[in-house]
Amino acid sequence: MQAPNESPKAGKSSGRGARSKGEQSPPWLSKLNASAPEFGTITHVETLPFGPSLKLDRYRLQNGLEVLLCEDHSAPVVAYHTWYRVGSRHEQEGKTGLAHLFEHLMFNEVEGRAAGEFDRLLEEAGSEVNASTWLDWTQYNAAVPKDQLGLVIGLEAERMSKLVLRDPQVTSEKEVVANERRFRVDDDVEGAVSELLWATVFQTHAYKWPTIGWMPDIQGFTTEDCEAFYRTFYAPNNATLVVVGDVTAAQLLPRVSKAYGVIAPSQLPLEDVKPEPPQAEERRIEVKKSTSTEKLLVGYRSPALGDWDHPILSLLVEVLFGGRASRLHQRLVRELEMATEVRAFVGPFKDPSLTEIFVSLREGKTAEEALVVLEQELLRAQNEPISDSEIERARARFELGLLSGLDTVDGKASTLGFYDTVLARPATAFERMESIHRIGASELRRAARTYFQPTARSIVFVRPQEVRAEAAEAEAAAGEPNA
Amino acid sequence: MSQPATVSNRRLLVETSHALPLISIGIGTRNSALHDAEGLEGLSRLTARLMRRTGGGRDPQAIDTEIDSLGASISADVSHSVTLFQGTVIRRSLDAFMQLVTDILARPGLAESELSRLVRETSAELVETLDDDRSLARRWFRKRLFGEHTYSRSLNGTSATLSNIRLEHVVACARRLAAQDGLVFAFSGDIDAETADRYAQELTAAAPPGPELTDNVPDPVVPPGRRLILVDKPERTQTQILIGGLGTHPADPDHTALSVGNTIFGGTFTARLTQEVRSKRGWSYGAYSSFPIDRRRQGFNLWTFPKAEDAAPCIALELELLHALRDGGVTKKELGWVKRYLTRSHAFAIDTPSKRIGLALDELLYDLPARYHQDYLARIASVTLEEVNAALQSRISDEDLLIVVVGTASELRDKIEAVIPNLTSTEVVRFDTEV
């Protein structure tokens with residue numbers, strides 16, 4: 001079946017100009033709207049190309065809920081993602097980790113259903129279900145066989161407005177999250193020092209606390225805290241549904257209208273963003289951890305995802321740190337045999353954040369030695385033009401990463417949902433790819449000079465903690481149990 | 001949904017899809033780490049990595065640059081039973097990529113200087129893995145579960161075995177891993193069968209002559225009794241716990257029944273184990289059980305990671321749940337539910353060409369019974385409650401269990417020993433002991 005509202009221009013042109021707006025609704029949508037619930041009237045907003053062969057339609061319900069539909073009939077499955085525009089940046093001091101706690105609580109109990117029934121029904125439907133939270137957003141993803149789509153729509157709509165929050169569930173999930181924190185942070189060297197780096201760099205902006213939250217905050221949440229957070233942020237006008245797969249608009253939208261059209265929008269608070277002031281001098285921290293070798297973590301202040309410079313800096317970081325042919329891998333791992341691993345990423349966030357560089361040293365090598373080499377290579381990038389072949393290599397890595405991420409309906413939905421939530425431009429992945437093809441050595445050198453400034457960096461030196469003496473006796477302790 | 005087209009000699013699998021300009025390639029062989037001589041543990045993995053770095057006599061930087069610039073990736077993965085060179089490439093670079101892959105398998109450089117460098121790098125990685133508690137638990141579980149069996153050997157090797165490896169071992173091993181008669185090819189994505197066949201033939205012709213080796217290893221046997229291994233690591237706030245024993249073999253008549261029973265017990269988020277450990281008590285972020293498969297019988301295990309104070313009660317609960325599963329079996333209601341789950345969720349095992357081809361490749365490389373994956377839904381539909389419960393009772397041993405805990409031994413030992421009835425032995429090992 002042909003998708004409704006398909007623009008005659010869609011698919012014929014590419015890039016940012018290819019969108020259509022304000023077309024007249026097809027008869028079936030007008031008919032649907034005539035009998036829609038109170039907030040369920042649907043408007044078609046735009047059609048966008050998504051890569052060379054797919055397109056994307058944006059719809060909006062009267063209550064503000066956005067719906068992005070990308071038809072993909074290559075397999076009889078549908079990805080159904082719900083992206084809420086709430087992340088750890090929307091929390092308050094003393095209540096950190098609340099957005100992430102909801103990633104857990106949302107799988108518990110909804111009105112009219114027993115605790116655990118949500119998961120049980122979705123698993124019975126053969127669904128793959130998960131969720132994630134980061135600084136700017138929280139997303140819930142379900143992938144279902146196409147004949148089970150109605151179930152997931154109903155359940156997702158229910159938990160948007162009818163979540164039951166009681167003390168036992170909150171207490172139990174707090175404990176699970178505390179264990180998750182031990183797993184990912186407290187007993188994990190990289191997790192722990194990354195958290196320390198961000199807390200060192202950010203002193204004003206909400207990016208200073210970890211998404212999972214500080215342990216005392218996690219343990220201190222009350223059911224009332226959760227109730228207030230839910231009523232504020234879990235609302236149709238703070239969410240986007242991203243639907244990719246073997247479904248048409250005519251099959252999807254009536255169900256969406258019926259399920260979500262009864263939910264009133266909420267009064268979203270004005271976000272109290274406190275921009276991080278420029279960093280004027282280098283910050284250094286040294287910590288001891290239970291690790292076998294030294295680690296070096298360096299954070300340079302870097303632009304927001306929507307900044308013109310973000311793809312430029314990302315391409316530069318790919319040249320310097322991406323893969324085994326990158327400059328830093330070649331120097332630190334191969335030539336000098338100083339490290340086992342070096343990697344970096346540019347924060348993909350709504351506000352300016354960090355380029356985070358991680359080096360794991362070999363035994364006997366120090367983080368200071370690695371820092372010297374890192375500085376040499378960053379200086380080189382600032383002073384010498386990067387060759388065309390290095391730029392081409394980095395571009396090809398980007399392109400492979402983009403295409404590989406679109407193999408499944410879930411991959412497509414994640415890409416669309418992420419860019420729509422952070423930038424309000426769902427097809428940005430391909431736009432970035434186009435812009436990366438236009439970036440040359442001049443832009444890379446400018447980015448190196450702009451963003452790799454020693455005064456705008458923070459460094460964490462990680463030293464191995466000495467193993468306690470009594471553990472040395474352990475190996476001899478085999479034998480009969482004591483008890 | 002199209003099914004993979006296979007050629008009659010069972011050496012080439014192809015599924016064409018033009019949805020994305022990408023091609024996935026897998027070249028596998030059963031000649032793998034099982035065939036490494038004792039004292040040379042780690043040889044196959046080291047050799048596969050060296051082949052990947054020196055194809056056609058290139059130096060590693062040149063080869064990495066070339067792969068990246070083509071818009072491609074390739075890795076060499078070595079398990080006990082299978083070596084698999086896997087890659088992905090953007091369509092426009094397919095020809096150049098396949099020449100490079102052919103160089104990696106058929107014409108590896110294997111320079112002595114690169115071998116020495118890779119041995120040093122691997123040794124450093126072994127030190128690095130000591131930071132990973134989950135990996136420590138898995139390594140000690142494998143080591144103590146399989147005892148003297150080849151499955152107990154480290155795929156990465158140890159500093160001692162790595163130092164035993166000489167260039168002549170590597171050269172011989174490279175010929176074994178790329179031996180003509182052992183190679184199986186799998187292509188999926190933007191490629192037709194004729195083109196895939198041509199590449200497979202060209203690579204096979206260039207590869208060294210040699211047979212597909214037989215495994216020549218028996219099914220593993222585990223020591224009797226309930227054994228506790230404490231992997232002692234200082235100042236752990238959390239533990240990593242693996243509990244298990246011998247598991248299943250795909251040719252077992254009760255293999256499907258056992259897999260179904262495991263899914264009910266610990267295979268999903270709403271399974272018994274997760275519900276009791278995580279949902280009701282909040283003790284562990286994850287709680288799962290699994291029965292992996294291989295060409296010989298593998299193990300089964302329950303995996304949890306509670307904080308140190310909850311480790312002993314968590315182990316006690318897991319033992320109770322395991323006992324109840326074995327003796328009480330599962331219910332008709334649970335079976336009906338899990339059948340619906342397994343049947344419907346199978347859509348996601350076969351929703352892309354690369355996944356479908358991957359399953360077909362597994363059938364060939366792991367000696368799976370004929371139509372193992374194609375008949376999966378029929379087998380699930382036909383399994384009965386009696387078969388599931390009989391399989392659980394006969395395959396899960398209540399007496400012969402291995403319990404591996406990574407944590408701070410001085411704080412855990414007495415409490416854990418107290419909750420394990422009929423504990424036969426306790427062994428405390430340092431976390432930095434090589435295994």
# chains A, B, ... in the order shown; residues from 1 in each chain; ligands from 1
call {"tool": "residues_around", "arguments": {"residues": "B:Gln240", "least_positions_apart": "6", "cutoff": "9 Å", "atoms": "only C-alpha atoms", "output": "VMD selection string"}}
result
chain B and resid 133 to 134 136 to 137 303 to 307 311 404 to 407
call {"tool": "residues_around", "arguments": {"residues": "B:Gly336", "least_positions_apart": "3", "cutoff": "12 Å", "atoms": "only C-alpha atoms", "output": "mmCIF file with C-alpha atoms, in the first residue's frame"}}
result
data_model
loop_
_atom_site.group_PDB
_atom_site.id
_atom_site.type_symbol
_atom_site.label_atom_id
_atom_site.label_comp_id
_atom_site.auth_asym_id
_atom_site.auth_seq_id
_atom_site.Cartn_x
_atom_site.Cartn_y
_atom_site.Cartn_z
ATOM 1 C CA GLU A 124 4.780 -13.302 25.385
ATOM 2 C CA VAL B 260 12.860 -24.508 26.758
ATOM 3 C CA GLY B 261 13.195 -25.308 30.466
ATOM 4 C CA ILE B 264 11.524 -20.524 31.782
ATOM 5 C CA VAL B 330 7.994 -26.290 35.291
ATOM 6 C CA THR B 331 4.231 -25.864 34.992
ATOM 7 C CA LYS B 332 1.935 -26.245 32.030
ATOM 8 C CA LYS B 333 1.163 -22.538 32.217
ATOM 9 C CA LYS B 339 6.309 -21.396 23.672
ATOM 10 C CA ARG B 340 4.548 -18.223 22.638
ATOM 11 C CA TYR B 341 7.606 -16.172 23.595
ATOM 12 C CA LEU B 342 10.091 -18.380 21.744
ATOM 13 C CA THR B 343 7.912 -18.710 18.669
ATOM 14 C CA ILE B 380 9.332 -25.722 20.048
ATOM 15 C CA ALA B 381 5.715 -26.399 19.135
ATOM 16 C CA SER B 382 5.991 -30.131 19.712
ATOM 17 C CA VAL B 383 7.917 -30.238 22.992
ATOM 18 C CA THR B 384 5.807 -31.508 25.908
ATOM 19 C CA LEU B 385 5.700 -30.719 29.604
ATOM 20 C CA VAL B 388 10.901 -30.553 29.599
#
call {"tool": "closest_atom_pairs", "arguments": {"of": "chain B", "to": "chain A", "cutoff": "6 Å", "atoms": "only C-alpha atoms", "output": "tab-separated table"}}
result
residue	atom	partner	partner_atom	distance
B:Gln61	CA	A:Ala325	CA	5.5
B:Asp64	CA	A:Ala325	CA	5.2
B:Thr65	CA	A:Ala325	CA	5.2
B:Asp68	CA	A:Arg393	CA	5.4
B:Ser69	CA	A:Arg393	CA	4.1
B:Gly71	CA	A:Ala396	CA	4.5
B:Ala124	CA	A:Arg362	CA	6.0
B:Asp131	CA	A:Thr291	CA	5.6
B:Gly282	CA	A:Val176	CA	4.6
B:Tyr285	CA	A:Val176	CA	5.3
B:Arg340	CA	A:Glu124	CA	5.6
B:Tyr341	CA	A:Glu124	CA	4.4
B:Arg344	CA	A:Gly126	CA	4.3
B:Ser345	CA	A:Gly126	CA	3.8
B:Asp351	CA	A:Ala75	CA	5.6
B:Glu417	CA	A:Ala483	CA	5.7
B:Ala418	CA	A:Ala483	CA	5.6
B:Ser425	CA	A:Glu480	CA	4.9
B:Thr426	CA	A:Pro481	CA	5.1
B:Glu427	CA	A:Ala478	CA	4.0
B:Val428	CA	A:Ala478	CA	5.4
B:Val429	CA	A:Glu475	CA	4.6
B:Arg430	CA	A:Glu475	CA	5.8
call {"tool": "write_last_selection", "arguments": {"atoms": "C-alpha atoms", "output": "compact mmCIF listing (two decimals), in the first residue's frame"}}
result
# COMPACT_ATOMS: atom_id res chain seq x y z
CA GLN B 61 49.52 0.14 9.73
CA ASP B 64 44.56 -1.08 8.90
CA THR B 65 44.66 2.08 6.80
CA ASP B 68 39.44 1.74 6.98
CA SER B 69 39.81 3.61 3.69
CA GLY B 71 34.90 1.56 4.28
CA ALA B 124 49.83 -6.61 28.21
CA ASP B 131 40.42 -5.30 35.88
CA GLY B 282 16.70 -6.13 44.12
CA TYR B 285 21.12 -5.88 38.31
CA ARG B 340 4.55 -18.22 22.64
CA TYR B 341 7.61 -16.17 23.59
CA ARG B 344 7.20 -15.01 18.26
CA SER B 345 10.63 -13.71 19.25
CA ASP B 351 15.05 -10.45 10.48
CA GLU B 417 30.38 -21.69 52.88
CA ALA B 418 27.60 -21.60 55.46
CA SER B 425 35.77 -28.17 48.82
CA THR B 426 36.74 -24.52 48.89
CA GLU B 427 39.58 -23.10 46.86
CA VAL B 428 40.76 -19.50 47.25
CA VAL B 429 42.79 -18.13 44.37
CA ARG B 430 44.36 -14.75 43.81
call {"tool": "select_by_dssp", "arguments": {"residues": "stretch 188-342 of chain B", "states": "alpha helix (DSSP H)", "output": "NGL selection string"}}
result
:B and (193-206 or 255-266 or 272-274 or 311-328 or 332-342)
call {"tool": "write_last_selection", "arguments": {"atoms": "C-alpha atoms", "output": "PDB file, in the first residue's frame"}}
result
ATOM      1  CA  ALA B 193      25.410 -15.670  -5.684  1.00  0.00           C
ATOM      2  CA  GLU B 194      27.537 -15.775  -8.812  1.00  0.00           C
ATOM      3  CA  THR B 195      29.883 -13.047  -7.604  1.00  0.00           C
ATOM      4  CA  ALA B 196      30.126 -14.632  -4.161  1.00  0.00           C
ATOM      5  CA  ASP B 197      30.937 -17.988  -5.703  1.00  0.00           C
ATOM      6  CA  ARG B 198      33.708 -16.426  -7.774  1.00  0.00           C
ATOM      7  CA  TYR B 199      35.322 -14.840  -4.729  1.00  0.00           C
ATOM      8  CA  ALA B 200      35.052 -18.071  -2.747  1.00  0.00           C
ATOM      9  CA  GLN B 201      36.666 -20.041  -5.546  1.00  0.00           C
ATOM     10  CA  GLU B 202      39.482 -17.548  -5.987  1.00  0.00           C
ATOM     11  CA  LEU B 203      40.268 -17.514  -2.300  1.00  0.00           C
ATOM     12  CA  THR B 204      40.105 -21.290  -1.995  1.00  0.00           C
ATOM     13  CA  ALA B 205      42.469 -21.691  -4.947  1.00  0.00           C
ATOM     14  CA  ALA B 206      44.959 -19.339  -3.326  1.00  0.00           C
ATOM     15  CA  HIS B 255      18.202 -30.667  23.777  1.00  0.00           C
ATOM     16  CA  THR B 256      15.136 -28.627  22.799  1.00  0.00           C
ATOM     17  CA  ALA B 257      13.284 -29.581  25.971  1.00  0.00           C
ATOM     18  CA  LEU B 258      16.233 -28.481  28.097  1.00  0.00           C
ATOM     19  CA  SER B 259      16.563 -25.178  26.241  1.00  0.00           C
ATOM     20  CA  VAL B 260      12.860 -24.508  26.758  1.00  0.00           C
ATOM     21  CA  GLY B 261      13.195 -25.308  30.466  1.00  0.00           C
ATOM     22  CA  ASN B 262      16.144 -22.960  30.774  1.00  0.00           C
ATOM     23  CA  THR B 263      14.212 -20.120  29.141  1.00  0.00           C
ATOM     24  CA  ILE B 264      11.524 -20.524  31.782  1.00  0.00           C
ATOM     25  CA  PHE B 265      14.120 -20.588  34.524  1.00  0.00           C
ATOM     26  CA  GLY B 266      16.543 -17.841  33.549  1.00  0.00           C
ATOM     27  CA  ARG B 272      11.997 -17.312  37.626  1.00  0.00           C
ATOM     28  CA  LEU B 273      15.596 -16.419  38.402  1.00  0.00           C
ATOM     29  CA  THR B 274      15.308 -12.749  37.411  1.00  0.00           C
ATOM     30  CA  ALA B 311      26.323 -12.693  47.974  1.00  0.00           C
ATOM     31  CA  ALA B 312      25.665 -15.493  50.485  1.00  0.00           C
ATOM     32  CA  PRO B 313      21.854 -15.178  50.561  1.00  0.00           C
ATOM     33  CA  CYS B 314      21.837 -14.839  46.787  1.00  0.00           C
ATOM     34  CA  ILE B 315      23.780 -18.079  46.368  1.00  0.00           C
ATOM     35  CA  ALA B 316      21.446 -19.802  48.845  1.00  0.00           C
ATOM     36  CA  LEU B 317      18.442 -18.617  46.858  1.00  0.00           C
ATOM     37  CA  GLU B 318      19.934 -19.698  43.546  1.00  0.00           C
ATOM     38  CA  LEU B 319      20.605 -23.185  44.898  1.00  0.00           C
ATOM     39  CA  GLU B 320      17.027 -23.408  46.181  1.00  0.00           C
ATOM     40  CA  LEU B 321      15.645 -22.271  42.829  1.00  0.00           C
ATOM     41  CA  LEU B 322      17.817 -24.733  40.964  1.00  0.00           C
ATOM     42  CA  HIS B 323      16.730 -27.543  43.260  1.00  0.00           C
ATOM     43  CA  ALA B 324      13.079 -26.606  42.795  1.00  0.00           C
ATOM     44  CA  LEU B 325      13.507 -26.533  39.034  1.00  0.00           C
ATOM     45  CA  ARG B 326      15.146 -29.922  38.959  1.00  0.00           C
ATOM     46  CA  ASP B 327      12.789 -31.661  41.340  1.00  0.00           C
ATOM     47  CA  GLY B 328       9.571 -29.732  40.808  1.00  0.00           C
ATOM     48  CA  LYS B 332       1.935 -26.245  32.030  1.00  0.00           C
ATOM     49  CA  LYS B 333       1.163 -22.538  32.217  1.00  0.00           C
ATOM     50  CA  GLU B 334       4.860 -21.642  32.100  1.00  0.00           C
ATOM     51  CA  LEU B 335       5.371 -23.947  29.140  1.00  0.00           C
ATOM     52  CA  GLY B 336       2.496 -22.417  27.205  1.00  0.00           C
ATOM     53  CA  TRP B 337       3.830 -18.947  27.880  1.00  0.00           C
ATOM     54  CA  VAL B 338       7.398 -19.733  26.884  1.00  0.00           C
ATOM     55  CA  LYS B 339       6.309 -21.396  23.672  1.00  0.00           C
ATOM     56  CA  ARG B 340       4.548 -18.223  22.638  1.00  0.00           C
ATOM     57  CA  TYR B 341       7.606 -16.172  23.595  1.00  0.00           C
ATOM     58  CA  LEU B 342      10.091 -18.380  21.744  1.00  0.00           C
TER      59      LEU B 342
END
call {"tool": "closest_residue", "arguments": {"among": "B:Asp132, B:Asp400, B:Asp294, B:Glu125", "to": "B:Thr158", "atoms": "only C-alpha atoms"}}
result
B:Glu125
call {"tool": "residues_around", "arguments": {"residues": "stretch 236-252 of chain A", "least_positions_apart": "4", "cutoff": "8 Å", "atoms": "only C-alpha atoms", "output": "PyMOL selection string"}}
result
chain A and resi 1+3-4+28-29+63-86+146+160+256+260+263-266+268+409-410+412-413+416-417+421
call {"tool": "atom_distance", "arguments": {"atom1": "atom CA of B:Ser17", "atom2": "atom CA of B:Ser354"}}
result
9.6 Å
call {"tool": "residues_around", "arguments": {"residues": "A:Gly440", "least_positions_apart": "2", "cutoff": "8 Å", "atoms": "only C-alpha atoms", "output": "list in words"}}
result
Asp388, Ile391, Arg438, Ser442, Glu443 and Leu444 of chain A
call {"tool": "residues_around", "arguments": {"residues": "B:Glu168", "least_positions_apart": "4", "cutoff": "12 Å", "atoms": "only C-alpha atoms", "output": "VMD selection string"}}
result
chain B and resid 43 47 110 to 112 115 164 172 to 175
call {"tool": "atom_distance", "arguments": {"atom1": "atom CA of A:His205", "atom2": "atom CA of A:Glu227"}}
result
24.8 Å
call {"tool": "closest_residue", "arguments": {"among": "A:Ala114, A:Ile439, A:Cys226, A:Val262", "to": "A:Gly154", "atoms": "only C-alpha atoms"}}
result
A:Val262
call {"tool": "select_by_dssp", "arguments": {"residues": "stretch 91-316 of chain B", "states": "strand (DSSP E)", "output": "ChimeraX atom specification"}}
result
/B:184-189,226-232,240-246,287-290,299-304
call {"tool": "write_last_selection", "arguments": {"atoms": "N, CA and C atoms", "output": "PDB file, in the first residue's frame"}}
result
ATOM      1  N   VAL B 184      34.703 -22.407   4.934  1.00  0.00           N
ATOM      2  CA  VAL B 184      33.271 -22.244   4.636  1.00  0.00           C
ATOM      3  C   VAL B 184      33.006 -20.751   4.452  1.00  0.00           C
ATOM      4  N   PHE B 185      32.299 -20.381   3.389  1.00  0.00           N
ATOM      5  CA  PHE B 185      32.096 -18.967   3.046  1.00  0.00           C
ATOM      6  C   PHE B 185      30.635 -18.573   3.233  1.00  0.00           C
ATOM      7  N   ALA B 186      30.423 -17.393   3.767  1.00  0.00           N
ATOM      8  CA  ALA B 186      29.060 -16.867   3.930  1.00  0.00           C
ATOM      9  C   ALA B 186      29.053 -15.399   3.491  1.00  0.00           C
ATOM     10  N   PHE B 187      28.213 -15.085   2.533  1.00  0.00           N
ATOM     11  CA  PHE B 187      28.071 -13.702   2.056  1.00  0.00           C
ATOM     12  C   PHE B 187      26.608 -13.289   2.212  1.00  0.00           C
ATOM     13  N   SER B 188      26.372 -12.077   2.649  1.00  0.00           N
ATOM     14  CA  SER B 188      25.004 -11.565   2.688  1.00  0.00           C
ATOM     15  C   SER B 188      25.009 -10.080   2.387  1.00  0.00           C
ATOM     16  N   GLY B 189      23.910  -9.632   1.816  1.00  0.00           N
ATOM     17  CA  GLY B 189      23.782  -8.209   1.508  1.00  0.00           C
ATOM     18  C   GLY B 189      23.833  -7.951   0.020  1.00  0.00           C
ATOM     19  N   ARG B 226      30.098 -30.523  45.317  1.00  0.00           N
ATOM     20  CA  ARG B 226      29.844 -29.081  45.226  1.00  0.00           C
ATOM     21  C   ARG B 226      31.137 -28.358  45.581  1.00  0.00           C
ATOM     22  N   ARG B 227      31.679 -27.658  44.612  1.00  0.00           N
ATOM     23  CA  ARG B 227      32.982 -27.024  44.796  1.00  0.00           C
ATOM     24  C   ARG B 227      32.839 -25.507  44.743  1.00  0.00           C
ATOM     25  N   LEU B 228      33.487 -24.852  45.674  1.00  0.00           N
ATOM     26  CA  LEU B 228      33.461 -23.390  45.733  1.00  0.00           C
ATOM     27  C   LEU B 228      34.846 -22.843  45.365  1.00  0.00           C
ATOM     28  N   ILE B 229      34.890 -21.950  44.394  1.00  0.00           N
ATOM     29  CA  ILE B 229      36.136 -21.259  44.033  1.00  0.00           C
ATOM     30  C   ILE B 229      35.950 -19.786  44.366  1.00  0.00           C
ATOM     31  N   LEU B 230      36.752 -19.279  45.265  1.00  0.00           N
ATOM     32  CA  LEU B 230      36.721 -17.854  45.612  1.00  0.00           C
ATOM     33  C   LEU B 230      37.904 -17.165  44.934  1.00  0.00           C
ATOM     34  N   VAL B 231      37.615 -16.290  44.005  1.00  0.00           N
ATOM     35  CA  VAL B 231      38.664 -15.534  43.329  1.00  0.00           C
ATOM     36  C   VAL B 231      38.832 -14.237  44.110  1.00  0.00           C
ATOM     37  N   ASP B 232      39.912 -14.174  44.841  1.00  0.00           N
ATOM     38  CA  ASP B 232      40.085 -13.118  45.847  1.00  0.00           C
ATOM     39  C   ASP B 232      40.607 -11.831  45.219  1.00  0.00           C
ATOM     40  N   GLN B 240      30.880 -11.213  41.598  1.00  0.00           N
ATOM     41  CA  GLN B 240      30.439 -11.850  40.354  1.00  0.00           C
ATOM     42  C   GLN B 240      30.306 -13.329  40.660  1.00  0.00           C
ATOM     43  N   ILE B 241      29.126 -13.894  40.408  1.00  0.00           N
ATOM     44  CA  ILE B 241      28.863 -15.282  40.801  1.00  0.00           C
ATOM     45  C   ILE B 241      28.427 -16.098  39.586  1.00  0.00           C
ATOM     46  N   LEU B 242      29.077 -17.225  39.392  1.00  0.00           N
ATOM     47  CA  LEU B 242      28.645 -18.200  38.382  1.00  0.00           C
ATOM     48  C   LEU B 242      28.428 -19.533  39.078  1.00  0.00           C
ATOM     49  N   ILE B 243      27.280 -20.136  38.852  1.00  0.00           N
ATOM     50  CA  ILE B 243      26.966 -21.449  39.417  1.00  0.00           C
ATOM     51  C   ILE B 243      26.552 -22.353  38.265  1.00  0.00           C
ATOM     52  N   GLY B 244      27.129 -23.550  38.192  1.00  0.00           N
ATOM     53  CA  GLY B 244      26.727 -24.404  37.081  1.00  0.00           C
ATOM     54  C   GLY B 244      27.369 -25.752  37.073  1.00  0.00           C
ATOM     55  N   GLY B 245      27.199 -26.416  35.934  1.00  0.00           N
ATOM     56  CA  GLY B 245      27.737 -27.754  35.756  1.00  0.00           C
ATOM     57  C   GLY B 245      27.730 -28.086  34.281  1.00  0.00           C
ATOM     58  N   LEU B 246      27.648 -29.366  33.969  1.00  0.00           N
ATOM     59  CA  LEU B 246      27.620 -29.767  32.567  1.00  0.00           C
ATOM     60  C   LEU B 246      26.261 -29.458  31.957  1.00  0.00           C
ATOM     61  N   ALA B 287      20.289 -11.275  36.307  1.00  0.00           N
ATOM     62  CA  ALA B 287      20.243 -12.644  36.832  1.00  0.00           C
ATOM     63  C   ALA B 287      19.744 -13.540  35.704  1.00  0.00           C
ATOM     64  N   TYR B 288      20.656 -14.293  35.122  1.00  0.00           N
ATOM     65  CA  TYR B 288      20.296 -15.101  33.958  1.00  0.00           C
ATOM     66  C   TYR B 288      20.943 -16.482  34.039  1.00  0.00           C
ATOM     67  N   SER B 289      20.372 -17.413  33.303  1.00  0.00           N
ATOM     68  CA  SER B 289      20.998 -18.722  33.160  1.00  0.00           C
ATOM     69  C   SER B 289      21.119 -19.045  31.679  1.00  0.00           C
ATOM     70  N   SER B 290      22.124 -19.840  31.339  1.00  0.00           N
ATOM     71  CA  SER B 290      22.305 -20.159  29.923  1.00  0.00           C
ATOM     72  C   SER B 290      22.913 -21.532  29.730  1.00  0.00           C
ATOM     73  N   GLY B 299      28.926 -26.380  29.167  1.00  0.00           N
ATOM     74  CA  GLY B 299      28.437 -26.227  30.527  1.00  0.00           C
ATOM     75  C   GLY B 299      27.112 -25.481  30.558  1.00  0.00           C
ATOM     76  N   PHE B 300      26.529 -25.368  31.732  1.00  0.00           N
ATOM     77  CA  PHE B 300      25.435 -24.413  31.923  1.00  0.00           C
ATOM     78  C   PHE B 300      25.815 -23.556  33.114  1.00  0.00           C
ATOM     79  N   ASN B 301      25.254 -22.358  33.171  1.00  0.00           N
ATOM     80  CA  ASN B 301      25.574 -21.518  34.320  1.00  0.00           C
ATOM     81  C   ASN B 301      24.476 -20.536  34.643  1.00  0.00           C
ATOM     82  N   LEU B 302      24.427 -20.177  35.934  1.00  0.00           N
ATOM     83  CA  LEU B 302      23.580 -19.087  36.419  1.00  0.00           C
ATOM     84  C   LEU B 302      24.516 -17.923  36.713  1.00  0.00           C
ATOM     85  N   TRP B 303      24.166 -16.736  36.252  1.00  0.00           N
ATOM     86  CA  TRP B 303      25.039 -15.570  36.445  1.00  0.00           C
ATOM     87  C   TRP B 303      24.300 -14.479  37.210  1.00  0.00           C
ATOM     88  N   THR B 304      24.879 -14.052  38.329  1.00  0.00           N
ATOM     89  CA  THR B 304      24.348 -12.922  39.102  1.00  0.00           C
ATOM     90  C   THR B 304      25.515 -12.083  39.596  1.00  0.00           C
TER      91      THR B 304
END
call {"tool": "atom_distance", "arguments": {"atom1": "atom CA of A:Gly261", "atom2": "atom CA of A:Trp134"}}
result
27.9 Å
call {"tool": "residues_around", "arguments": {"residues": "B:Pro108", "least_positions_apart": "2", "cutoff": "7 Å", "atoms": "only C-alpha atoms", "output": "short mmCIF file (atom, residue, chain, number, x, y, z; two decimals) with C-alpha atoms, in the first residue's frame"}}
result
data_model
loop_
_atom_site.label_atom_id
_atom_site.label_comp_id
_atom_site.auth_asym_id
_atom_site.auth_seq_id
_atom_site.Cartn_x
_atom_site.Cartn_y
_atom_site.Cartn_z
CA MET B 51 47.31 -13.03 9.72
CA THR B 54 50.19 -8.96 7.86
CA GLY B 55 48.08 -10.07 4.86
CA GLY B 56 50.05 -9.98 1.61
CA GLY B 57 53.21 -9.01 3.48
CA ASP B 103 45.91 -11.95 1.16
CA ILE B 104 45.09 -12.27 4.86
CA LEU B 105 44.09 -15.92 4.61
CA ALA B 106 46.25 -17.19 1.77
CA LEU B 110 53.83 -13.43 9.53
#
call {"tool": "residues_around", "arguments": {"residues": "B:Ser123", "least_positions_apart": "3", "cutoff": "12 Å", "atoms": "only C-alpha atoms", "output": "count of residues only"}}
result
26
call {"tool": "closest_residue", "arguments": {"among": "B:Lys280, B:Leu368, B:Val222, B:Asp95", "to": "B:Phe141", "atoms": "only C-alpha atoms"}}
result
B:Val222
